[in-house]
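Student: Contents of input11.cif (mmCIF, C-alpha atoms) are given next:
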data_run
loop_
_atom_site.group_PDB
_atom_site.id
_atom_site.type_symbol
_atom_site.label_atom_id
_atom_site.label_comp_id
_atom_site.auth_asym_id
_atom_site.auth_seq_id
_atom_site.Cartn_x
_atom_site.Cartn_y
_atom_site.Cartn_z
ATOM 1 C CA MET B 1 23.702 -29.988 18.628
ATOM 2 C CA ALA B 2 21.098 -30.862 16.018
ATOM 3 C CA ASP B 3 21.693 -29.378 12.587
ATOM 4 C CA PRO B 4 19.526 -26.236 12.189
ATOM 5 C CA ILE B 5 19.706 -26.536 8.371
ATOM 6 C CA HIS B 6 18.082 -29.980 8.460
ATOM 7 C CA GLN B 7 14.549 -28.527 8.499
ATOM 8 C CA PHE B 8 15.009 -27.131 4.978
ATOM 9 C CA GLU B 9 15.976 -30.442 3.380
ATOM 10 C CA ILE B 10 13.760 -31.623 0.553
ATOM 11 C CA HIS B 11 13.287 -35.363 0.290
ATOM 12 C CA PRO B 12 11.074 -37.208 -2.186
ATOM 13 C CA ILE B 13 8.022 -39.024 -0.827
ATOM 14 C CA ILE B 14 6.912 -40.548 -4.129
ATOM 15 C CA PRO B 15 9.924 -40.639 -6.493
ATOM 16 C CA LEU B 16 8.896 -39.833 -10.070
ATOM 17 C CA ASN B 17 11.162 -39.468 -13.079
ATOM 18 C CA VAL B 18 9.768 -38.503 -16.473
ATOM 19 C CA ALA B 19 12.226 -38.350 -19.398
ATOM 20 C CA GLY B 20 15.196 -37.554 -17.190
ATOM 21 C CA ILE B 21 13.386 -34.754 -15.338
ATOM 22 C CA ASP B 22 12.902 -35.274 -11.617
ATOM 23 C CA ILE B 23 9.266 -34.465 -10.786
ATOM 24 C CA SER B 24 9.082 -36.403 -7.519
ATOM 25 C CA PHE B 25 6.320 -35.666 -5.028
ATOM 26 C CA THR B 26 8.451 -34.170 -2.238
ATOM 27 C CA ASN B 27 7.669 -32.950 1.259
ATOM 28 C CA SER B 28 7.579 -29.456 -0.244
ATOM 29 C CA SER B 29 4.822 -30.511 -2.661
ATOM 30 C CA LEU B 30 3.034 -32.286 0.174
ATOM 31 C CA TRP B 31 2.860 -29.088 2.245
ATOM 32 C CA MET B 32 1.792 -27.066 -0.781
ATOM 33 C CA ALA B 33 -1.042 -29.562 -1.303
ATOM 34 C CA ILE B 34 -1.956 -29.286 2.378
ATOM 35 C CA ALA B 35 -2.002 -25.475 2.072
ATOM 36 C CA VAL B 36 -4.296 -25.631 -0.966
ATOM 37 C CA VAL B 37 -6.662 -28.125 0.661
ATOM 38 C CA THR B 38 -6.708 -26.190 3.952
ATOM 39 C CA SER B 39 -7.519 -22.855 2.349
ATOM 40 C CA ILE B 40 -10.195 -24.328 0.059
ATOM 41 C CA VAL B 41 -11.863 -26.283 2.869
ATOM 42 C CA LEU B 42 -11.655 -23.322 5.262
ATOM 43 C CA MET B 43 -13.131 -20.876 2.773
ATOM 44 C CA SER B 44 -15.912 -23.161 1.540
ATOM 45 C CA LEU B 45 -16.880 -24.114 5.107
ATOM 46 C CA ALA B 46 -16.944 -20.452 6.059
ATOM 47 C CA THR B 47 -19.188 -19.426 3.170
ATOM 48 C CA ARG B 48 -21.429 -22.526 3.210
ATOM 49 C CA LYS B 49 -24.317 -20.983 5.061
ATOM 50 C CA GLN B 50 -24.266 -17.236 4.705
ATOM 51 C CA ALA B 51 -25.947 -15.643 7.679
ATOM 52 C CA ILE B 52 -26.695 -11.966 8.110
ATOM 53 C CA VAL B 53 -25.272 -12.259 11.605
ATOM 54 C CA PRO B 54 -22.067 -14.142 10.789
ATOM 55 C CA GLY B 55 -20.595 -16.943 12.860
ATOM 56 C CA ARG B 56 -16.904 -17.120 13.743
ATOM 57 C CA LEU B 57 -15.767 -18.805 10.535
ATOM 58 C CA GLN B 58 -17.758 -16.435 8.388
ATOM 59 C CA VAL B 59 -16.238 -13.443 10.186
ATOM 60 C CA PHE B 60 -12.808 -14.893 9.422
ATOM 61 C CA ALA B 61 -13.625 -15.262 5.730
ATOM 62 C CA GLU B 62 -15.180 -11.810 5.537
ATOM 63 C CA ASN B 63 -12.167 -10.258 7.250
ATOM 64 C CA MET B 64 -9.791 -11.983 4.827
ATOM 65 C CA TYR B 65 -11.845 -10.768 1.879
ATOM 66 C CA GLU B 66 -12.107 -7.229 3.220
ATOM 67 C CA PHE B 67 -8.387 -7.101 4.057
ATOM 68 C CA VAL B 68 -7.313 -7.949 0.508
ATOM 69 C CA ALA B 69 -10.112 -5.919 -1.081
ATOM 70 C CA SER B 70 -9.171 -2.783 0.848
ATOM 71 C CA MET B 71 -5.516 -3.344 -0.025
ATOM 72 C CA ILE B 72 -6.475 -3.384 -3.728
ATOM 73 C CA ARG B 73 -8.836 -0.402 -3.348
ATOM 74 C CA ASP B 74 -6.176 1.706 -1.637
ATOM 75 C CA ASN B 75 -3.309 0.792 -3.943
ATOM 76 C CA ILE B 76 -4.741 0.194 -7.415
ATOM 77 C CA GLY B 77 -8.161 1.811 -7.291
ATOM 78 C CA SER B 78 -11.369 0.696 -8.948
ATOM 79 C CA GLN B 79 -9.497 -0.719 -11.943
ATOM 80 C CA GLY B 80 -7.891 -3.293 -9.682
ATOM 81 C CA ARG B 81 -11.118 -5.121 -8.895
ATOM 82 C CA GLN B 82 -10.689 -7.549 -11.784
ATOM 83 C CA PHE B 83 -7.365 -8.648 -10.267
ATOM 84 C CA PHE B 84 -8.912 -9.552 -6.920
ATOM 85 C CA PRO B 85 -8.890 -13.359 -7.497
ATOM 86 C CA LEU B 86 -5.195 -13.285 -8.447
ATOM 87 C CA ILE B 87 -4.120 -11.089 -5.524
ATOM 88 C CA PHE B 88 -6.234 -13.067 -3.063
ATOM 89 C CA THR B 89 -4.735 -16.347 -4.284
ATOM 90 C CA VAL B 90 -1.189 -15.002 -4.000
ATOM 91 C CA PHE B 91 -1.954 -13.773 -0.490
ATOM 92 C CA MET B 92 -3.428 -17.115 0.605
ATOM 93 C CA VAL B 93 -0.579 -19.151 -0.900
ATOM 94 C CA VAL B 94 2.094 -17.110 0.853
ATOM 95 C CA LEU B 95 0.155 -16.793 4.127
ATOM 96 C CA MET B 96 -0.623 -20.516 4.287
ATOM 97 C CA GLY B 97 2.998 -21.380 3.458
ATOM 98 C CA ASN B 98 4.283 -19.143 6.242
ATOM 99 C CA MET B 99 1.665 -20.152 8.819
ATOM 100 C CA LEU B 100 1.725 -23.911 8.194
ATOM 101 C CA GLY B 101 5.505 -23.658 8.426
ATOM 102 C CA MET B 102 5.105 -22.628 12.070
ATOM 103 C CA LEU B 103 3.655 -26.049 12.980
ATOM 104 C CA PRO B 104 6.213 -28.348 14.620
ATOM 105 C CA TYR B 105 7.736 -30.915 12.224
ATOM 106 C CA SER B 106 6.219 -29.153 9.234
ATOM 107 C CA PHE B 107 7.993 -27.816 6.180
ATOM 108 C CA THR B 108 7.996 -24.140 5.154
ATOM 109 C CA TYR B 109 7.820 -24.122 1.376
ATOM 110 C CA THR B 110 8.218 -20.332 1.270
ATOM 111 C CA SER B 111 11.711 -20.778 2.730
ATOM 112 C CA HIS B 112 12.935 -22.046 -0.654
ATOM 113 C CA ILE B 113 13.933 -19.548 -3.296
ATOM 114 C CA ALA B 114 12.718 -21.892 -6.045
ATOM 115 C CA VAL B 115 9.138 -21.435 -4.794
ATOM 116 C CA THR B 116 9.233 -17.703 -4.078
ATOM 117 C CA MET B 117 11.142 -16.948 -7.281
ATOM 118 C CA GLY B 118 8.502 -18.878 -9.226
ATOM 119 C CA LEU B 119 5.748 -16.782 -7.655
ATOM 120 C CA ALA B 120 7.622 -13.503 -8.123
ATOM 121 C CA LEU B 121 8.560 -14.241 -11.756
ATOM 122 C CA ALA B 122 4.957 -15.156 -12.562
ATOM 123 C CA ILE B 123 3.768 -11.823 -11.134
ATOM 124 C CA PHE B 124 6.564 -9.887 -12.857
ATOM 125 C CA LEU B 125 5.846 -11.447 -16.281
ATOM 126 C CA MET B 126 2.101 -10.942 -15.837
ATOM 127 C CA VAL B 127 2.609 -7.264 -14.957
ATOM 128 C CA THR B 128 4.967 -6.668 -17.894
ATOM 129 C CA VAL B 129 2.656 -8.381 -20.404
ATOM 130 C CA LEU B 130 -0.315 -6.488 -18.975
ATOM 131 C CA GLY B 131 1.556 -3.198 -19.344
ATOM 132 C CA PHE B 132 2.334 -3.908 -23.005
ATOM 133 C CA VAL B 133 -1.234 -5.035 -23.710
ATOM 134 C CA ARG B 134 -2.734 -1.945 -22.067
ATOM 135 C CA HIS B 135 -0.340 0.694 -23.372
ATOM 136 C CA GLY B 136 1.610 -0.846 -26.250
ATOM 137 C CA LEU B 137 5.036 0.718 -26.777
ATOM 138 C CA HIS B 138 3.900 3.645 -24.643
ATOM 139 C CA PHE B 139 4.679 1.329 -21.701
ATOM 140 C CA PHE B 140 8.359 2.355 -21.985
ATOM 141 C CA THR B 141 7.531 5.789 -20.568
ATOM 142 C CA LEU B 142 7.414 3.945 -17.235
ATOM 143 C CA PHE B 143 11.208 4.166 -17.266
ATOM 144 C CA CYS B 144 11.206 7.923 -17.809
ATOM 145 C CA PRO B 145 9.416 9.789 -15.022
ATOM 146 C CA ALA B 146 7.691 12.972 -16.145
ATOM 147 C CA GLY B 147 9.335 16.275 -15.286
ATOM 148 C CA VAL B 148 12.912 15.025 -15.211
ATOM 149 C CA PRO B 149 15.364 17.572 -16.738
ATOM 150 C CA TRP B 150 17.020 16.482 -20.006
ATOM 151 C CA ALA B 151 20.476 16.574 -18.469
ATOM 152 C CA LEU B 152 19.505 13.964 -15.869
ATOM 153 C CA LYS B 153 17.779 11.544 -18.256
ATOM 154 C CA PRO B 154 20.879 9.492 -19.206
ATOM 155 C CA LEU B 155 21.342 8.850 -15.493
ATOM 156 C CA ILE B 156 17.718 8.288 -14.471
ATOM 157 C CA ILE B 157 16.626 5.956 -17.264
ATOM 158 C CA PRO B 158 19.226 3.195 -16.647
ATOM 159 C CA ILE B 159 18.491 3.357 -12.918
ATOM 160 C CA GLU B 160 14.745 3.033 -13.555
ATOM 161 C CA ILE B 161 15.251 0.096 -15.941
ATOM 162 C CA LEU B 162 17.558 -1.631 -13.470
ATOM 163 C CA SER B 163 15.178 -1.098 -10.567
ATOM 164 C CA TYR B 164 12.366 -2.525 -12.697
ATOM 165 C CA LEU B 165 14.349 -5.612 -13.667
ATOM 166 C CA ILE B 166 15.530 -6.269 -10.100
ATOM 167 C CA ARG B 167 11.926 -6.431 -8.812
ATOM 168 C CA PRO B 168 11.399 -10.212 -9.049
ATOM 169 C CA VAL B 169 14.726 -10.773 -7.302
ATOM 170 C CA THR B 170 14.005 -8.481 -4.353
ATOM 171 C CA LEU B 171 10.412 -9.694 -4.079
ATOM 172 C CA SER B 172 11.433 -13.348 -3.882
ATOM 173 C CA VAL B 173 14.619 -12.951 -1.841
ATOM 174 C CA ARG B 174 12.798 -10.820 0.764
ATOM 175 C CA LEU B 175 10.234 -13.537 1.429
ATOM 176 C CA PHE B 176 12.580 -16.507 1.245
ATOM 177 C CA ALA B 177 15.339 -14.897 3.314
ATOM 178 C CA ASN B 178 12.943 -13.709 6.018
ATOM 179 C CA MET B 179 11.400 -17.131 6.414
ATOM 180 C CA MET B 180 14.737 -18.939 6.261
ATOM 181 C CA ALA B 181 16.493 -16.629 8.718
ATOM 182 C CA GLY B 182 13.569 -16.747 11.161
ATOM 183 C CA HIS B 183 13.285 -20.525 11.200
ATOM 184 C CA LEU B 184 17.062 -20.861 11.398
ATOM 185 C CA MET B 185 17.077 -18.609 14.474
ATOM 186 C CA LEU B 186 14.297 -20.629 16.149
ATOM 187 C CA LYS B 187 16.198 -23.872 15.660
ATOM 188 C CA VAL B 188 19.518 -22.395 16.813
ATOM 189 C CA PHE B 189 17.929 -21.235 20.087
ATOM 190 C CA ALA B 190 16.199 -24.582 20.498
ATOM 191 C CA GLY B 191 19.643 -26.128 20.054
ATOM 192 C CA PHE B 192 20.997 -23.883 22.873
ATOM 193 C CA SER B 193 18.237 -25.221 25.116
ATOM 194 C CA VAL B 194 19.326 -28.791 24.472
ATOM 195 C CA ALA B 195 23.027 -27.992 24.850
ATOM 196 C CA MET B 196 22.595 -26.148 28.180
ATOM 197 C CA GLY B 197 20.828 -29.070 29.850
ATOM 198 C CA VAL B 198 17.782 -29.274 32.108
ATOM 199 C CA GLY B 199 18.534 -26.429 34.562
ATOM 200 C CA LEU B 200 19.888 -23.486 32.556
ATOM 201 C CA GLY B 201 18.285 -24.684 29.338
ATOM 202 C CA ILE B 202 15.000 -23.149 30.384
ATOM 203 C CA LEU B 203 16.342 -19.620 29.693
ATOM 204 C CA PRO B 204 16.744 -20.014 25.905
ATOM 205 C CA MET B 205 13.366 -21.762 25.931
ATOM 206 C CA PHE B 206 11.657 -18.632 27.315
ATOM 207 C CA PHE B 207 13.434 -16.569 24.701
ATOM 208 C CA ASN B 208 12.245 -19.024 22.058
ATOM 209 C CA VAL B 209 8.636 -18.537 23.147
ATOM 210 C CA ALA B 210 8.992 -14.808 22.475
ATOM 211 C CA LEU B 211 10.723 -15.543 19.166
ATOM 212 C CA ILE B 212 7.889 -17.812 18.040
ATOM 213 C CA GLY B 213 5.427 -14.996 18.703
ATOM 214 C CA PHE B 214 7.648 -12.696 16.661
ATOM 215 C CA GLU B 215 7.816 -15.317 13.896
ATOM 216 C CA PHE B 216 4.016 -15.377 13.648
ATOM 217 C CA LEU B 217 4.106 -11.592 13.206
ATOM 218 C CA ILE B 218 6.785 -11.916 10.502
ATOM 219 C CA ALA B 219 4.850 -14.742 8.800
ATOM 220 C CA PHE B 220 1.791 -12.530 8.454
ATOM 221 C CA LEU B 221 3.785 -9.386 7.672
ATOM 222 C CA GLN B 222 5.742 -10.985 4.847
ATOM 223 C CA ALA B 223 2.557 -12.303 3.235
ATOM 224 C CA TYR B 224 1.153 -8.763 3.524
ATOM 225 C CA VAL B 225 4.282 -7.168 2.069
ATOM 226 C CA PHE B 226 4.478 -9.660 -0.797
ATOM 227 C CA THR B 227 0.849 -8.959 -1.721
ATOM 228 C CA ILE B 228 1.019 -5.185 -1.352
ATOM 229 C CA LEU B 229 4.152 -5.006 -3.507
ATOM 230 C CA SER B 230 2.379 -7.086 -6.175
ATOM 231 C CA CYS B 231 -0.453 -4.524 -5.967
ATOM 232 C CA ILE B 232 1.994 -1.629 -6.375
ATOM 233 C CA TYR B 233 3.650 -3.285 -9.395
ATOM 234 C CA LEU B 234 0.219 -3.885 -10.932
ATOM 235 C CA LYS B 235 -0.666 -0.237 -10.384
ATOM 236 C CA ASP B 236 2.533 0.825 -12.186
ATOM 237 C CA ALA B 237 1.543 -1.264 -15.215
ATOM 238 C CA ILE B 238 -2.053 0.025 -15.209
ATOM 239 C CA ASP B 239 -1.431 3.721 -14.540
ATOM 240 C CA LEU B 240 2.187 4.282 -15.705
ATOM 241 C CA HIS B 241 3.078 6.621 -12.826
ATOM 242 C CA MET N 242 46.269 -14.036 3.510
ATOM 243 C CA GLU N 243 44.795 -17.471 4.018
ATOM 244 C CA LEU N 244 41.648 -18.078 1.986
ATOM 245 C CA GLU N 245 39.691 -19.207 5.048
ATOM 246 C CA ALA N 246 40.626 -16.081 7.026
ATOM 247 C CA ALA N 247 39.749 -13.854 4.088
ATOM 248 C CA LYS N 248 36.351 -15.578 3.867
ATOM 249 C CA LEU N 249 35.604 -14.953 7.532
ATOM 250 C CA ILE N 250 36.583 -11.283 7.253
ATOM 251 C CA ALA N 251 34.479 -10.902 4.091
ATOM 252 C CA ALA N 252 31.498 -12.470 5.849
ATOM 253 C CA ALA N 253 31.870 -9.941 8.660
ATOM 254 C CA ILE N 254 32.212 -7.010 6.229
ATOM 255 C CA ALA N 255 29.070 -8.186 4.413
ATOM 256 C CA LEU N 256 27.147 -7.569 7.645
ATOM 257 C CA LEU N 257 28.121 -3.865 7.797
ATOM 258 C CA PRO N 258 24.804 -2.744 6.191
ATOM 259 C CA MET N 259 23.228 -3.698 9.538
ATOM 260 C CA PHE N 260 24.500 -0.331 10.876
ATOM 261 C CA GLY N 261 22.354 1.552 8.405
ATOM 262 C CA VAL N 262 19.392 -0.748 8.910
ATOM 263 C CA GLY N 263 19.612 -0.269 12.664
ATOM 264 C CA ILE N 264 19.638 3.511 12.318
ATOM 265 C CA GLY N 265 16.817 3.374 9.768
ATOM 266 C CA LEU N 266 14.628 1.123 11.898
ATOM 267 C CA GLY N 267 15.214 3.388 14.880
ATOM 268 C CA MET N 268 14.087 6.397 12.849
ATOM 269 C CA ILE N 269 10.974 4.559 11.621
ATOM 270 C CA PHE N 270 9.983 3.514 15.149
ATOM 271 C CA SER N 271 10.704 6.924 16.649
ATOM 272 C CA SER N 272 8.773 8.881 14.043
ATOM 273 C CA TYR N 273 5.857 6.435 14.199
ATOM 274 C CA ASN N 274 5.670 6.727 17.968
ATOM 275 C CA GLU N 275 6.024 10.495 17.819
ATOM 276 C CA ALA N 276 3.244 10.796 15.241
ATOM 277 C CA VAL N 277 0.886 8.514 17.167
ATOM 278 C CA GLY N 278 1.747 10.261 20.419
ATOM 279 C CA ARG N 279 0.880 13.649 18.967
ATOM 280 C CA ASN N 280 -2.273 12.433 17.260
ATOM 281 C CA PRO N 281 -3.509 9.083 18.601
ATOM 282 C CA SER N 282 -6.391 8.914 16.105
ATOM 283 C CA SER N 283 -3.890 8.665 13.239
ATOM 284 C CA ALA N 284 -2.740 5.219 14.438
ATOM 285 C CA ASP N 285 -5.111 3.336 12.127
ATOM 286 C CA LEU N 286 -3.892 5.302 9.133
ATOM 287 C CA LEU N 287 -0.212 4.915 10.000
ATOM 288 C CA ASP N 288 -0.220 1.253 11.067
ATOM 289 C CA LYS N 289 -0.181 -0.203 7.563
ATOM 290 C CA LYS N 290 2.456 2.221 6.294
ATOM 291 C CA PHE N 291 4.524 1.597 9.392
ATOM 292 C CA PHE N 292 4.478 -2.173 8.922
ATOM 293 C CA LEU N 293 5.257 -1.872 5.220
ATOM 294 C CA THR N 294 8.274 0.404 5.737
ATOM 295 C CA PHE N 295 9.389 -1.707 8.679
ATOM 296 C CA ALA N 296 9.344 -4.875 6.582
ATOM 297 C CA LEU N 297 11.060 -3.205 3.614
ATOM 298 C CA THR N 298 13.869 -1.848 5.804
ATOM 299 C CA GLU N 299 14.249 -5.030 7.803
ATOM 300 C CA ALA N 300 14.555 -7.007 4.570
ATOM 301 C CA LEU N 301 17.820 -5.175 3.791
ATOM 302 C CA ALA N 302 19.373 -6.569 6.957
ATOM 303 C CA ILE N 303 18.227 -10.034 5.919
ATOM 304 C CA PHE N 304 19.768 -9.565 2.450
ATOM 305 C CA ALA N 305 23.071 -8.766 4.147
ATOM 306 C CA LEU N 306 22.696 -11.880 6.302
ATOM 307 C CA VAL N 307 22.074 -14.032 3.215
ATOM 308 C CA VAL N 308 25.142 -12.606 1.454
ATOM 309 C CA SER N 309 27.187 -13.289 4.554
ATOM 310 C CA LEU N 310 25.897 -16.876 4.818
ATOM 311 C CA ILE N 311 26.621 -17.447 1.113
ATOM 312 C CA ILE N 312 30.205 -16.262 1.634
ATOM 313 C CA LEU N 313 30.583 -18.526 4.678
ATOM 314 C CA PHE N 314 28.953 -21.712 3.381
ATOM 315 C CA GLY N 315 28.395 -21.202 -0.360
#
Any chance you could give the structure as structure tokens?
Tutor:
Amino acid sequence: MADPIHQFEIHPIIPLNVAGIDISFTNSSLWMAIAVVTSIVLMSLATRKQAIVPGRLQVFAENMYEFVASMIRDNIGSQGRQFFPLIFTVFMVVLMGNMLGMLPYSFTYTSHIAVTMGLALAIFLMVTVLGFVRHGLHFFTLFCPAGVPWALKPLIIPIEILSYLIRPVTLSVRLFANMMAGHLMLKVFAGFSVAMGVGLGILPMFFNVALIGFEFLIAFLQAYVFTILSCIYLKDAIDLH
Amino acid sequence: MELEAAKLIAAAIALLPMFGVGIGLGMIFSSYNEAVGRNPSSADLLDKKFFLTFALTEALAIFALVVSLIILFG
């Protein structure tokens, strides 16, 4: 049976080595570049000629915009509008990574914790710095919810601090693990198909068709969850619940 | 106990959280369906919340899977 882990291997395409640090252009970087180019080309084509009665591409772009904008409106409020470019970029990066990963022979860069952890840490640091800039030392009241009895405070405050610090870990592991587990499952069932031969092998193949549909749902859902959690974290820093 | 056997047992124990996730997912689905069944016009409002809670709960099962895989192959 073919190795289901093989799809996650990173291999350099253009080996580069600067001062002992390996910065090769790998297949992961290649697919990230493809994602960036695809989203830029798609969005600029869609908004090139802006008609009052939109064509298909323009409807797509408008739906994307409205989806993220309503997410920000519902979760952060009017103060969140200035963060729209950031949230939209995060959404497109994760969505493109997940969706391009569904192409045969492609590489899912969101299935590597190095990538997702980088994204999550960037958001976490941005939110923390924003909280301190907005509220100064008052930001620490985030760890002490209002209306908690004094007797419970020694218990609640460490839990709140811990749950704040664990955020980048859960945010990144959720995305990476979902993508990795899903793609692993697809390849394992494809392997069953090969192992069972021409006759019976068609059964796992039908199951795989259903799984691929489910994977598309997960790919979109995880991009949605990643973005909405970033929105919720931003709201915490802006409003101090 | 042999180290290999202990590893296999630990990998199985690490998957126990799946019980809770299964029960939780069942409760999410059942209450979503019940709510939409009682008031079909609330579906639009509940869809987003449903998908968010579904993904958050399902992620716990995946965390358990990752821990188990790390024990097995890490």
Student: For the structure shown, which residues end up in the PyMOL selection byres ((chain N and resi 304) around 12)? Put them as a VMD selection string, please?
Tutor: (chain B and resid 169 to 181) or (chain N and resid 255 to 259 262 297 to 303 305 to 311)
Student: Starting from 4 Å padding per side, set up an axis-aligned box that covers all listed atoms of segment 194-211 of chain B and hand over centre and edge lengths in Å, one decimal, as lines of an AutoDock Vina configuration file.
Tutor:
center_x = 15.8
center_y = -22.0
center_z = 26.9
size_x = 22.4
size_y = 22.5
size_z = 23.4
Student: Determine, counting only C-alpha atoms, which protein, DNA and RNA residues have an atom within 6 Å of an atom of segment 228-237 of chain B; residues of the same chain fewer than 5 positions away are not included. Present the result as a list in words.
Tutor: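 Selected residues are Ile76, Val127 and Gly131 of chain B.
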Student: Nearest residue to Leu162 of chain B out of B:Phe143, B:Phe216, B:Gln82, B:Thr227, using all atoms listed in the file?
Tutor: B:Phe143
Student: If I take atom CA of Phe25 of chain B and atom CA of Val37 of chain B, how far is one from the other in Å, to one decimal?
Tutor: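 Computing it gives 16.1 Å between the two atoms.
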Student: What is the distance between atom CA of Asn75 of chain B and atom CA of Leu155 of chain B, in Å to one decimal?
Tutor: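 These atoms are spaced 28.4 Å apart.
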